[in-house]
2 protein chains.
Amino acid sequence: MSIQYPNGKRYRTNQQLNKPNASIAYGGRGMSFEADIDESNQFYLMKEKAVIHKKPTPIQIVQVDYPKRSAAVIKEAYFKQASTTDYNGVYKGRYIDFEAKETKNKTSFPLQNIHLHQVNHMRTVVRQNGICFLLIRFFYTQEVYLLDAPTLISFYDNQKERKSIKKADIETYGHMVHTGYQPFVDYLRTVDELYIK
Amino acid sequence: MSIQYPNGKRYRTNQQLNKPNASIAYGGRGMSFEADIDESNQFYLMKEKAVIHKKPTPIQIVQVDYPKRSAAVIKEAYFKQASTTDYNGVYKGRYIDFEAKETKNKTSFPLQNIHLHQVNHMRTVVRQNGICFLLIRFFYTQEVYLLDAPTLISFYDNQKERKSIKKADIETYGHMVHTGYQPFVDYLRTVDELYIK
């Protein structure tokens, strides 16, 4: 679905091309996908279409120094596990809440990418009538799917030995997201089709 | 407006009583008010009334160590200025977004408590039809007021020499928030009256 440029590749800046390796530094997978989502959110914000931000990474601060005449320096801190999803905001008055994950798996999406806390957060958002979903990108094909939270929760709750969702099931129960240029990941178009009447 | 207990004081745990001093450690004013808002949000969550969380403090990470067989340690990081408000979430399907500030000033609310970035964020939320406001607590009286974002923005944009909002104006243009026990700060009751038909 993505727009192909003359060299057969999607348009990307060098900075973005470098992101998959840079991702190792800050808490794991999906940094490149995260950069694309951030760009899309910036685009939506600029066009006054939606206000959606990534939440800051939660940090447990242990020690802070206050040097004279300069800014406070955090000298010891640890990454905390997120208790909610990473992205939320407002679109046409509605509350939007989602998680975005990329996988290098070609045939399925491993459910260990999603924490129980996040699934439970999604349950509460759905109960409050918020719009809640998971965006999945398959790294090798660059396909992006939107999986509605109730569907994801159902897969999560019914996982047995197989702790993953088959790609075929994502194709069946999920919704393909248009990708291209500005925004890279046009997930609000899919949100319009699914949730906004 | 708050419920008074036999000793004439609001019920508080020792931990909460200690918070005003503890607040100096992590980025300033309003830690005690923040604790009360967090408690209220926990109460709303538990009662399945709303899903509203404080965003993590934004941190600029400079150096991370990866000791063998233990968790990554952040060795150098700095506090960043927030580009959005601190709290957001969903209530009855609607997007809720607010900032909460406490002041020890008895006659006015100093506008330096609110950053330009946050005011601009509020503008974008209002345009998207989100419910957006500022909660102000006057430390010495423990009165809490909700000031609707458009009203706050108007005061912010029209500040001249006097870089504050008079308490009398907050009493006139704001809305008193019921405070008591469970939740301490029942701001959703005020939201119901103002925004939810």
# chains A, B, ... in the order shown; residues from 1 in each chain; ligands from 1
>>> interface_residues(of="chain B", to="chain A", cutoff="10 Å", atoms="only C-alpha atoms", output="ChimeraX atom specification")
/B:25-27,45-46,48-66,71-79,82-84,88-97,121-122,124-131
>>> select_by_dssp(residues="chain B", states="strand (DSSP E or B)", output="JSON, numbers by chain")
{"B": [51, 52, 53, 54, 59, 60, 61, 62, 63, 64, 65, 73, 74, 75, 76, 77, 78, 79, 87, 88, 89, 90, 91, 94, 95, 96, 97, 98, 99, 100, 101, 102, 103, 108, 109, 110, 131, 132, 133, 134, 135, 136, 137, 138, 143, 144, 145, 146, 147, 148, 164, 165, 166, 175, 176, 179, 185]}
>>> residues_around(residues="Ser164 in chain A", least_positions_apart="5", cutoff="12 Å", atoms="only C-alpha atoms", output="JSON, numbers by chain")
{"A": [103, 105, 106, 107, 108, 109, 110, 111, 112, 113, 114, 152, 155, 156, 157, 158, 159, 169, 170]}
>>> closest_residue(among="A:Arg189, A:Lys80, A:Arg69, A:His178", to="Gln142 in chain A", atoms="only C-alpha atoms")
A:His178
>>> select_by_dssp(residues="chain A", states="alpha helix (DSSP H)", output="compact mmCIF listing (two decimals) with all heavy atoms, in the first residue's frame")
# COMPACT_ATOMS: atom_id res chain seq x y z
N ASN A 14 17.98 10.17 6.09
CA ASN A 14 19.06 9.36 6.65
C ASN A 14 18.82 9.09 8.12
O ASN A 14 19.07 8.02 8.62
CB ASN A 14 20.41 10.05 6.47
CG ASN A 14 20.88 9.94 5.04
OD1 ASN A 14 20.48 9.01 4.34
ND2 ASN A 14 21.70 10.86 4.59
N GLN A 15 18.33 10.13 8.78
CA GLN A 15 18.09 9.99 10.21
C GLN A 15 17.15 8.81 10.48
O GLN A 15 17.38 8.01 11.37
CB GLN A 15 17.47 11.28 10.73
CG GLN A 15 17.59 11.43 12.22
CD GLN A 15 16.66 12.50 12.75
OE1 GLN A 15 15.95 13.14 12.00
NE2 GLN A 15 16.68 12.70 14.05
N GLN A 16 16.11 8.73 9.67
CA GLN A 16 15.16 7.65 9.89
C GLN A 16 15.74 6.30 9.53
O GLN A 16 15.50 5.31 10.19
CB GLN A 16 13.89 7.91 9.10
CG GLN A 16 13.03 8.96 9.79
CD GLN A 16 11.96 9.49 8.89
OE1 GLN A 16 12.18 9.58 7.68
NE2 GLN A 16 10.84 9.85 9.45
N LEU A 17 16.54 6.28 8.46
CA LEU A 17 17.17 5.01 8.07
C LEU A 17 18.05 4.47 9.18
O LEU A 17 18.20 3.27 9.34
CB LEU A 17 18.01 5.22 6.79
CG LEU A 17 17.19 5.27 5.50
CD1 LEU A 17 18.05 5.75 4.34
CD2 LEU A 17 16.63 3.89 5.18
N ASN A 18 18.61 5.38 9.97
CA ASN A 18 19.51 4.93 11.04
C ASN A 18 18.78 4.48 12.30
O ASN A 18 19.38 3.88 13.17
CB ASN A 18 20.47 6.07 11.41
CG ASN A 18 21.48 6.29 10.31
OD1 ASN A 18 21.78 5.36 9.56
ND2 ASN A 18 21.99 7.50 10.20
N LYS A 19 17.48 4.75 12.36
CA LYS A 19 16.76 4.51 13.60
C LYS A 19 16.70 3.05 14.07
O LYS A 19 16.78 2.81 15.26
CB LYS A 19 15.33 5.09 13.49
CG LYS A 19 15.25 6.56 13.84
CD LYS A 19 15.51 6.81 15.31
CE LYS A 19 15.74 8.26 15.67
NZ LYS A 19 14.63 9.14 15.35
N PRO A 20 16.57 2.05 13.16
CA PRO A 20 16.44 0.68 13.67
C PRO A 20 17.58 0.28 14.60
O PRO A 20 17.36 -0.41 15.59
CB PRO A 20 16.44 -0.16 12.39
CG PRO A 20 15.89 0.75 11.35
CD PRO A 20 16.42 2.12 11.70
N ASN A 21 18.79 0.73 14.33
CA ASN A 21 19.89 0.40 15.22
C ASN A 21 19.86 1.27 16.48
O ASN A 21 20.11 0.79 17.57
CB ASN A 21 21.23 0.58 14.51
CG ASN A 21 21.37 -0.45 13.40
OD1 ASN A 21 20.92 -1.58 13.56
ND2 ASN A 21 21.95 -0.06 12.29
N ALA A 22 19.54 2.53 16.29
CA ALA A 22 19.48 3.44 17.42
C ALA A 22 18.46 2.95 18.45
O ALA A 22 18.55 3.25 19.62
CB ALA A 22 19.12 4.84 16.95
N MET A 31 11.55 1.40 17.33
CA MET A 31 11.93 2.81 17.35
C MET A 31 11.70 3.45 16.00
O MET A 31 11.27 4.59 15.91
CB MET A 31 13.40 2.95 17.77
CG MET A 31 13.77 4.33 18.24
SD MET A 31 12.91 4.79 19.76
CE MET A 31 13.63 6.41 20.05
N SER A 32 11.97 2.72 14.92
CA SER A 32 11.76 3.27 13.60
C SER A 32 10.27 3.50 13.34
O SER A 32 9.87 4.53 12.82
CB SER A 32 12.34 2.30 12.57
OG SER A 32 11.96 2.71 11.29
N PHE A 33 9.46 2.54 13.71
CA PHE A 33 8.01 2.68 13.58
C PHE A 33 7.56 3.85 14.44
O PHE A 33 6.76 4.69 14.01
CB PHE A 33 7.35 1.37 14.02
CG PHE A 33 5.87 1.30 13.73
CD1 PHE A 33 5.33 1.93 12.61
CD2 PHE A 33 5.01 0.59 14.55
CE1 PHE A 33 3.97 1.86 12.34
CE2 PHE A 33 3.66 0.51 14.29
CZ PHE A 33 3.13 1.16 13.18
N GLU A 34 8.14 3.93 15.64
CA GLU A 34 7.83 5.04 16.55
C GLU A 34 8.14 6.39 15.89
O GLU A 34 7.34 7.33 15.99
CB GLU A 34 8.65 4.87 17.82
CG GLU A 34 8.31 5.86 18.90
CD GLU A 34 9.17 5.65 20.15
OE1 GLU A 34 9.25 4.53 20.66
OE2 GLU A 34 9.78 6.65 20.60
N ALA A 35 9.27 6.46 15.20
CA ALA A 35 9.63 7.72 14.52
C ALA A 35 8.60 8.07 13.45
O ALA A 35 8.24 9.24 13.28
CB ALA A 35 11.02 7.60 13.90
N ASP A 36 8.12 7.05 12.75
CA ASP A 36 7.11 7.29 11.70
C ASP A 36 5.77 7.73 12.31
O ASP A 36 5.07 8.57 11.75
CB ASP A 36 6.90 6.02 10.87
CG ASP A 36 8.05 5.81 9.90
OD1 ASP A 36 9.00 6.62 9.90
OD2 ASP A 36 8.01 4.82 9.14
N ILE A 37 5.42 7.13 13.44
CA ILE A 37 4.17 7.53 14.13
C ILE A 37 4.31 8.97 14.63
O ILE A 37 3.40 9.78 14.48
CB ILE A 37 3.87 6.58 15.31
CG1 ILE A 37 3.71 5.14 14.86
CG2 ILE A 37 2.63 7.06 16.08
CD1 ILE A 37 2.40 4.81 14.24
N ASP A 38 5.47 9.28 15.20
CA ASP A 38 5.70 10.64 15.69
C ASP A 38 5.57 11.65 14.55
O ASP A 38 4.97 12.71 14.71
CB ASP A 38 7.09 10.76 16.34
CG ASP A 38 7.15 10.10 17.71
OD1 ASP A 38 6.07 9.79 18.26
OD2 ASP A 38 8.25 9.87 18.21
N GLU A 39 6.15 11.30 13.40
CA GLU A 39 6.05 12.20 12.24
C GLU A 39 4.59 12.37 11.82
O GLU A 39 4.15 13.48 11.51
CB GLU A 39 6.89 11.62 11.08
CG GLU A 39 6.93 12.49 9.82
CD GLU A 39 5.78 12.21 8.85
OE1 GLU A 39 5.00 11.24 9.05
OE2 GLU A 39 5.64 12.99 7.89
N SER A 40 3.85 11.28 11.84
CA SER A 40 2.43 11.35 11.47
C SER A 40 1.66 12.23 12.46
O SER A 40 0.83 13.05 12.05
CB SER A 40 1.82 9.94 11.44
OG SER A 40 2.56 9.10 10.58
N ASN A 41 1.96 12.06 13.74
CA ASN A 41 1.28 12.88 14.75
C ASN A 41 1.63 14.36 14.60
O ASN A 41 0.76 15.22 14.79
CB ASN A 41 1.65 12.39 16.16
CG ASN A 41 0.98 11.06 16.48
OD1 ASN A 41 0.00 10.68 15.84
ND2 ASN A 41 1.53 10.35 17.45
N GLN A 42 2.87 14.66 14.26
CA GLN A 42 3.29 16.03 14.01
C GLN A 42 2.51 16.61 12.84
O GLN A 42 2.09 17.76 12.84
CB GLN A 42 4.79 16.10 13.71
CG GLN A 42 5.67 16.18 14.93
CD GLN A 42 5.31 17.40 15.78
OE1 GLN A 42 4.81 17.25 16.90
NE2 GLN A 42 5.55 18.59 15.28
N PHE A 43 2.36 15.78 11.81
CA PHE A 43 1.61 16.19 10.61
C PHE A 43 0.15 16.48 10.97
O PHE A 43 -0.39 17.52 10.59
CB PHE A 43 1.71 15.09 9.55
CG PHE A 43 0.97 15.39 8.28
CD1 PHE A 43 1.53 16.20 7.30
CD2 PHE A 43 -0.31 14.88 8.07
CE1 PHE A 43 0.83 16.49 6.13
CE2 PHE A 43 -1.01 15.17 6.91
CZ PHE A 43 -0.44 15.98 5.94
N TYR A 44 -0.45 15.58 11.72
CA TYR A 44 -1.85 15.79 12.13
C TYR A 44 -1.99 17.07 12.97
O TYR A 44 -2.96 17.81 12.84
CB TYR A 44 -2.36 14.60 12.97
CG TYR A 44 -2.54 13.30 12.21
CD1 TYR A 44 -2.25 12.09 12.82
CD2 TYR A 44 -3.02 13.28 10.90
CE1 TYR A 44 -2.44 10.87 12.15
CE2 TYR A 44 -3.20 12.08 10.23
CZ TYR A 44 -2.91 10.88 10.86
OH TYR A 44 -3.10 9.70 10.20
N LEU A 45 -1.02 17.30 13.84
CA LEU A 45 -1.05 18.47 14.71
C LEU A 45 -0.96 19.75 13.88
O LEU A 45 -1.71 20.70 14.07
CB LEU A 45 0.11 18.40 15.71
CG LEU A 45 0.14 19.44 16.83
CD1 LEU A 45 -1.05 19.30 17.77
CD2 LEU A 45 1.44 19.32 17.63
N MET A 46 -0.02 19.74 12.93
CA MET A 46 0.23 20.91 12.07
C MET A 46 -1.01 21.22 11.23
O MET A 46 -1.35 22.36 11.01
CB MET A 46 1.42 20.59 11.16
CG MET A 46 2.09 21.76 10.54
SD MET A 46 3.46 21.14 9.49
CE MET A 46 2.55 20.21 8.24
N LEU A 116 0.69 -7.15 30.13
CA LEU A 116 -0.62 -7.32 30.75
C LEU A 116 -1.19 -5.97 31.22
O LEU A 116 -2.37 -5.68 31.03
CB LEU A 116 -0.53 -8.30 31.93
CG LEU A 116 -1.81 -8.52 32.74
CD1 LEU A 116 -2.92 -9.07 31.86
CD2 LEU A 116 -1.57 -9.44 33.93
N HIS A 117 -0.32 -5.12 31.81
CA HIS A 117 -0.76 -3.80 32.27
C HIS A 117 -1.40 -3.00 31.14
O HIS A 117 -2.37 -2.28 31.34
CB HIS A 117 0.44 -2.99 32.77
CG HIS A 117 0.77 -3.28 34.19
ND1 HIS A 117 2.06 -3.49 34.63
CD2 HIS A 117 -0.02 -3.40 35.28
CE1 HIS A 117 2.05 -3.74 35.92
NE2 HIS A 117 0.80 -3.69 36.34
N GLN A 118 -0.79 -3.12 29.97
CA GLN A 118 -1.28 -2.35 28.83
C GLN A 118 -2.63 -2.89 28.36
O GLN A 118 -3.53 -2.12 28.01
CB GLN A 118 -0.25 -2.37 27.71
CG GLN A 118 1.04 -1.66 28.12
CD GLN A 118 2.08 -1.66 27.02
OE1 GLN A 118 2.38 -2.71 26.44
NE2 GLN A 118 2.64 -0.50 26.75
N VAL A 119 -2.75 -4.22 28.35
CA VAL A 119 -4.03 -4.83 27.95
C VAL A 119 -5.12 -4.41 28.94
O VAL A 119 -6.23 -4.05 28.54
CB VAL A 119 -3.90 -6.37 27.87
CG1 VAL A 119 -5.26 -7.01 27.61
CG2 VAL A 119 -2.91 -6.76 26.80
N ASN A 120 -4.78 -4.43 30.23
CA ASN A 120 -5.78 -4.03 31.23
C ASN A 120 -6.15 -2.55 31.10
O ASN A 120 -7.31 -2.17 31.28
CB ASN A 120 -5.27 -4.34 32.64
CG ASN A 120 -5.29 -5.84 32.91
OD1 ASN A 120 -6.01 -6.59 32.23
ND2 ASN A 120 -4.49 -6.29 33.86
N HIS A 121 -5.16 -1.73 30.77
CA HIS A 121 -5.46 -0.32 30.50
C HIS A 121 -6.45 -0.21 29.33
O HIS A 121 -7.42 0.56 29.39
CB HIS A 121 -4.16 0.44 30.19
CG HIS A 121 -4.39 1.81 29.65
ND1 HIS A 121 -4.81 2.87 30.43
CD2 HIS A 121 -4.28 2.31 28.40
CE1 HIS A 121 -4.94 3.95 29.68
NE2 HIS A 121 -4.62 3.63 28.44
N MET A 122 -6.20 -0.98 28.28
CA MET A 122 -7.10 -0.95 27.11
C MET A 122 -8.52 -1.34 27.50
O MET A 122 -9.48 -0.75 27.00
CB MET A 122 -6.57 -1.89 26.02
CG MET A 122 -5.33 -1.35 25.31
SD MET A 122 -4.75 -2.53 24.06
CE MET A 122 -3.71 -1.44 23.03
N ARG A 123 -8.65 -2.34 28.38
CA ARG A 123 -9.99 -2.73 28.83
C ARG A 123 -10.73 -1.53 29.45
O ARG A 123 -11.91 -1.31 29.18
CB ARG A 123 -9.89 -3.82 29.92
CG ARG A 123 -9.48 -5.18 29.44
CD ARG A 123 -9.52 -6.18 30.63
NE ARG A 123 -8.35 -7.04 30.64
CZ ARG A 123 -8.27 -8.20 29.99
NH1 ARG A 123 -9.28 -8.63 29.29
NH2 ARG A 123 -7.17 -8.93 30.04
N THR A 124 -10.01 -0.78 30.28
CA THR A 124 -10.67 0.34 30.97
C THR A 124 -11.05 1.44 29.97
O THR A 124 -12.09 2.06 30.10
CB THR A 124 -9.77 0.94 32.08
OG1 THR A 124 -8.61 1.51 31.48
CG2 THR A 124 -9.36 -0.10 33.10
N VAL A 125 -10.19 1.65 28.97
CA VAL A 125 -10.48 2.69 27.97
C VAL A 125 -11.70 2.31 27.14
O VAL A 125 -12.58 3.15 26.88
CB VAL A 125 -9.25 2.93 27.06
CG1 VAL A 125 -9.62 3.80 25.88
CG2 VAL A 125 -8.11 3.54 27.86
N VAL A 126 -11.77 1.04 26.75
CA VAL A 126 -12.92 0.57 25.96
C VAL A 126 -14.21 0.76 26.76
O VAL A 126 -15.23 1.21 26.23
CB VAL A 126 -12.72 -0.90 25.54
CG1 VAL A 126 -14.01 -1.49 24.97
CG2 VAL A 126 -11.58 -1.02 24.54
N ARG A 127 -14.15 0.45 28.06
CA ARG A 127 -15.34 0.61 28.92
C ARG A 127 -15.79 2.07 29.01
O ARG A 127 -16.95 2.36 29.20
CB ARG A 127 -15.04 0.08 30.32
CG ARG A 127 -15.55 -1.32 30.54
CD ARG A 127 -15.34 -1.77 31.98
NE ARG A 127 -14.54 -2.99 32.02
CZ ARG A 127 -13.40 -3.13 32.68
NH1 ARG A 127 -12.92 -2.14 33.40
NH2 ARG A 127 -12.75 -4.26 32.64
N ALA A 149 -9.01 -2.71 19.90
CA ALA A 149 -8.69 -3.23 21.24
C ALA A 149 -9.51 -4.45 21.64
O ALA A 149 -8.94 -5.44 22.13
CB ALA A 149 -8.81 -2.12 22.28
N PRO A 150 -10.84 -4.46 21.45
CA PRO A 150 -11.59 -5.65 21.84
C PRO A 150 -11.10 -6.92 21.13
O PRO A 150 -11.05 -8.00 21.73
CB PRO A 150 -13.04 -5.31 21.43
CG PRO A 150 -13.08 -3.82 21.50
CD PRO A 150 -11.73 -3.36 21.02
N THR A 151 -10.72 -6.78 19.87
CA THR A 151 -10.19 -7.94 19.14
C THR A 151 -8.86 -8.39 19.73
O THR A 151 -8.62 -9.58 19.96
CB THR A 151 -10.01 -7.58 17.64
OG1 THR A 151 -11.21 -7.00 17.16
CG2 THR A 151 -9.64 -8.80 16.82
N LEU A 152 -7.98 -7.40 19.98
CA LEU A 152 -6.67 -7.72 20.58
C LEU A 152 -6.86 -8.40 21.94
O LEU A 152 -6.21 -9.41 22.24
CB LEU A 152 -5.85 -6.44 20.75
CG LEU A 152 -4.57 -6.60 21.58
CD1 LEU A 152 -3.54 -7.45 20.84
CD2 LEU A 152 -3.98 -5.25 21.95
N ILE A 153 -7.75 -7.83 22.75
CA ILE A 153 -7.98 -8.37 24.10
C ILE A 153 -8.47 -9.81 24.01
O ILE A 153 -8.04 -10.68 24.77
CB ILE A 153 -9.00 -7.47 24.86
CG1 ILE A 153 -8.36 -6.12 25.17
CG2 ILE A 153 -9.48 -8.16 26.14
CD1 ILE A 153 -9.34 -5.03 25.59
N SER A 154 -9.33 -10.07 23.04
CA SER A 154 -9.84 -11.42 22.85
C SER A 154 -8.71 -12.39 22.50
O SER A 154 -8.61 -13.49 23.06
CB SER A 154 -10.91 -11.39 21.76
OG SER A 154 -11.19 -12.68 21.31
N PHE A 155 -7.82 -11.99 21.59
CA PHE A 155 -6.66 -12.83 21.26
C PHE A 155 -5.77 -13.00 22.49
O PHE A 155 -5.27 -14.09 22.77
CB PHE A 155 -5.84 -12.22 20.12
CG PHE A 155 -6.36 -12.57 18.75
CD1 PHE A 155 -6.95 -11.61 17.94
CD2 PHE A 155 -6.24 -13.87 18.26
CE1 PHE A 155 -7.43 -11.93 16.67
CE2 PHE A 155 -6.71 -14.20 17.00
CZ PHE A 155 -7.31 -13.23 16.19
N TYR A 156 -5.57 -11.92 23.22
CA TYR A 156 -4.69 -11.96 24.39
C TYR A 156 -5.22 -12.92 25.45
O TYR A 156 -4.49 -13.73 26.01
CB TYR A 156 -4.54 -10.55 24.97
CG TYR A 156 -3.44 -10.43 26.00
CD1 TYR A 156 -2.14 -10.08 25.62
CD2 TYR A 156 -3.69 -10.66 27.34
CE1 TYR A 156 -1.12 -9.98 26.56
CE2 TYR A 156 -2.68 -10.57 28.29
CZ TYR A 156 -1.41 -10.22 27.89
OH TYR A 156 -0.40 -10.13 28.81
N ASP A 157 -6.52 -12.82 25.71
CA ASP A 157 -7.12 -13.63 26.77
C ASP A 157 -7.21 -15.11 26.38
O ASP A 157 -7.27 -15.97 27.25
CB ASP A 157 -8.53 -13.11 27.10
CG ASP A 157 -8.48 -11.79 27.85
OD1 ASP A 157 -7.40 -11.45 28.36
OD2 ASP A 157 -9.52 -11.11 27.93
N LYS A 167 -0.39 -13.90 11.40
CA LYS A 167 -0.54 -12.77 10.48
C LYS A 167 -1.84 -12.89 9.69
O LYS A 167 -2.52 -11.90 9.41
CB LYS A 167 0.66 -12.67 9.54
CG LYS A 167 0.67 -11.35 8.79
CD LYS A 167 1.82 -11.20 7.83
CE LYS A 167 1.66 -9.88 7.08
NZ LYS A 167 2.23 -9.91 5.73
N ALA A 168 -2.19 -14.12 9.35
CA ALA A 168 -3.43 -14.34 8.60
C ALA A 168 -4.64 -13.83 9.39
O ALA A 168 -5.57 -13.26 8.81
CB ALA A 168 -3.58 -15.83 8.28
N ASP A 169 -4.59 -14.03 10.71
CA ASP A 169 -5.69 -13.53 11.55
C ASP A 169 -5.70 -11.99 11.60
O ASP A 169 -6.76 -11.37 11.65
CB ASP A 169 -5.59 -14.09 12.97
CG ASP A 169 -6.05 -15.54 13.04
OD1 ASP A 169 -6.81 -15.96 12.14
OD2 ASP A 169 -5.64 -16.25 13.98
N ILE A 170 -4.51 -11.42 11.62
CA ILE A 170 -4.43 -9.95 11.63
C ILE A 170 -4.99 -9.39 10.32
O ILE A 170 -5.70 -8.39 10.30
CB ILE A 170 -2.98 -9.49 11.88
CG1 ILE A 170 -2.59 -9.84 13.33
CG2 ILE A 170 -2.82 -7.99 11.62
CD1 ILE A 170 -1.12 -9.72 13.62
N GLU A 171 -4.70 -10.10 9.22
CA GLU A 171 -5.24 -9.68 7.92
C GLU A 171 -6.77 -9.80 7.90
O GLU A 171 -7.46 -8.99 7.28
CB GLU A 171 -4.63 -10.52 6.80
CG GLU A 171 -3.17 -10.12 6.51
CD GLU A 171 -2.40 -11.18 5.70
OE1 GLU A 171 -3.01 -12.22 5.36
OE2 GLU A 171 -1.22 -10.96 5.45
N THR A 172 -7.28 -10.81 8.59
CA THR A 172 -8.73 -11.04 8.61
C THR A 172 -9.45 -10.09 9.56
O THR A 172 -10.43 -9.45 9.20
CB THR A 172 -9.04 -12.49 9.04
OG1 THR A 172 -8.35 -13.38 8.16
CG2 THR A 172 -10.54 -12.78 8.99
N TYR A 173 -8.93 -10.00 10.81
CA TYR A 173 -9.66 -9.25 11.84
C TYR A 173 -9.16 -7.81 11.99
O TYR A 173 -9.83 -6.98 12.60
CB TYR A 173 -9.57 -9.98 13.18
CG TYR A 173 -10.17 -11.36 13.13
CD1 TYR A 173 -9.36 -12.49 13.12
CD2 TYR A 173 -11.55 -11.51 13.07
CE1 TYR A 173 -9.92 -13.77 13.05
CE2 TYR A 173 -12.12 -12.78 13.01
CZ TYR A 173 -11.30 -13.90 13.00
OH TYR A 173 -11.85 -15.15 12.93
N TYR A 187 -3.06 6.54 10.07
CA TYR A 187 -3.99 5.70 10.83
C TYR A 187 -5.33 6.37 11.10
O TYR A 187 -6.33 5.70 11.33
CB TYR A 187 -3.34 5.20 12.13
CG TYR A 187 -2.98 6.28 13.11
CD1 TYR A 187 -3.90 6.73 14.06
CD2 TYR A 187 -1.73 6.87 13.11
CE1 TYR A 187 -3.57 7.72 14.96
CE2 TYR A 187 -1.40 7.87 14.00
CZ TYR A 187 -2.33 8.29 14.93
OH TYR A 187 -2.01 9.29 15.82
N LEU A 188 -5.38 7.71 11.04
CA LEU A 188 -6.67 8.38 11.31
C LEU A 188 -7.68 8.12 10.19
O LEU A 188 -8.89 8.18 10.40
CB LEU A 188 -6.48 9.88 11.54
CG LEU A 188 -5.87 10.27 12.89
CD1 LEU A 188 -5.82 11.79 13.04
CD2 LEU A 188 -6.64 9.67 14.07
N ARG A 189 -7.16 7.84 8.98
CA ARG A 189 -8.06 7.49 7.89
C ARG A 189 -8.80 6.18 8.25
O ARG A 189 -10.00 6.04 8.03
CB ARG A 189 -7.25 7.31 6.59
CG ARG A 189 -8.11 7.28 5.35
CD ARG A 189 -7.38 6.73 4.15
NE ARG A 189 -6.42 7.66 3.56
CZ ARG A 189 -5.92 7.52 2.33
NH1 ARG A 189 -6.29 6.50 1.57
NH2 ARG A 189 -5.03 8.38 1.86
N THR A 190 -8.05 5.24 8.82
CA THR A 190 -8.64 3.98 9.25
C THR A 190 -9.59 4.20 10.44
O THR A 190 -10.66 3.58 10.52
CB THR A 190 -7.53 2.97 9.63
OG1 THR A 190 -6.52 3.02 8.63
CG2 THR A 190 -8.06 1.56 9.74
N VAL A 191 -9.19 5.09 11.35
CA VAL A 191 -10.04 5.42 12.50
C VAL A 191 -11.38 5.99 12.01
O VAL A 191 -12.45 5.62 12.51
CB VAL A 191 -9.33 6.41 13.45
CG1 VAL A 191 -10.31 7.04 14.43
CG2 VAL A 191 -8.20 5.70 14.21
N ASP A 192 -11.30 6.86 11.00
CA ASP A 192 -12.53 7.43 10.42
C ASP A 192 -13.47 6.33 9.94
O ASP A 192 -14.67 6.36 10.22
CB ASP A 192 -12.17 8.32 9.22
CG ASP A 192 -12.01 9.78 9.63
OD1 ASP A 192 -12.60 10.18 10.64
OD2 ASP A 192 -11.28 10.51 8.93
N GLU A 193 -12.90 5.38 9.21
CA GLU A 193 -13.72 4.31 8.63
C GLU A 193 -14.34 3.43 9.71
O GLU A 193 -15.48 2.98 9.58
CB GLU A 193 -12.87 3.44 7.70
CG GLU A 193 -12.44 4.17 6.42
CD GLU A 193 -11.26 3.48 5.72
OE1 GLU A 193 -10.88 2.37 6.14
OE2 GLU A 193 -10.73 4.08 4.76
N LEU A 194 -13.59 3.21 10.79
CA LEU A 194 -14.03 2.25 11.80
C LEU A 194 -14.88 2.83 12.91
O LEU A 194 -15.82 2.19 13.39
CB LEU A 194 -12.82 1.58 12.45
CG LEU A 194 -12.06 0.56 11.62
CD1 LEU A 194 -10.87 0.05 12.41
CD2 LEU A 194 -12.99 -0.61 11.26
>>> atom_distance(atom1="CA of Leu146 in chain B", atom2="CA of Gly174 in chain B")
5.5 Å
>>> atom_distance(atom1="CA of Phe98 in chain B", atom2="CA of Asp148 in chain B")
9.3 Å
>>> atom_distance(atom1="CA of Leu134 in chain A", atom2="CA of Tyr181 in chain A")
21.1 Å
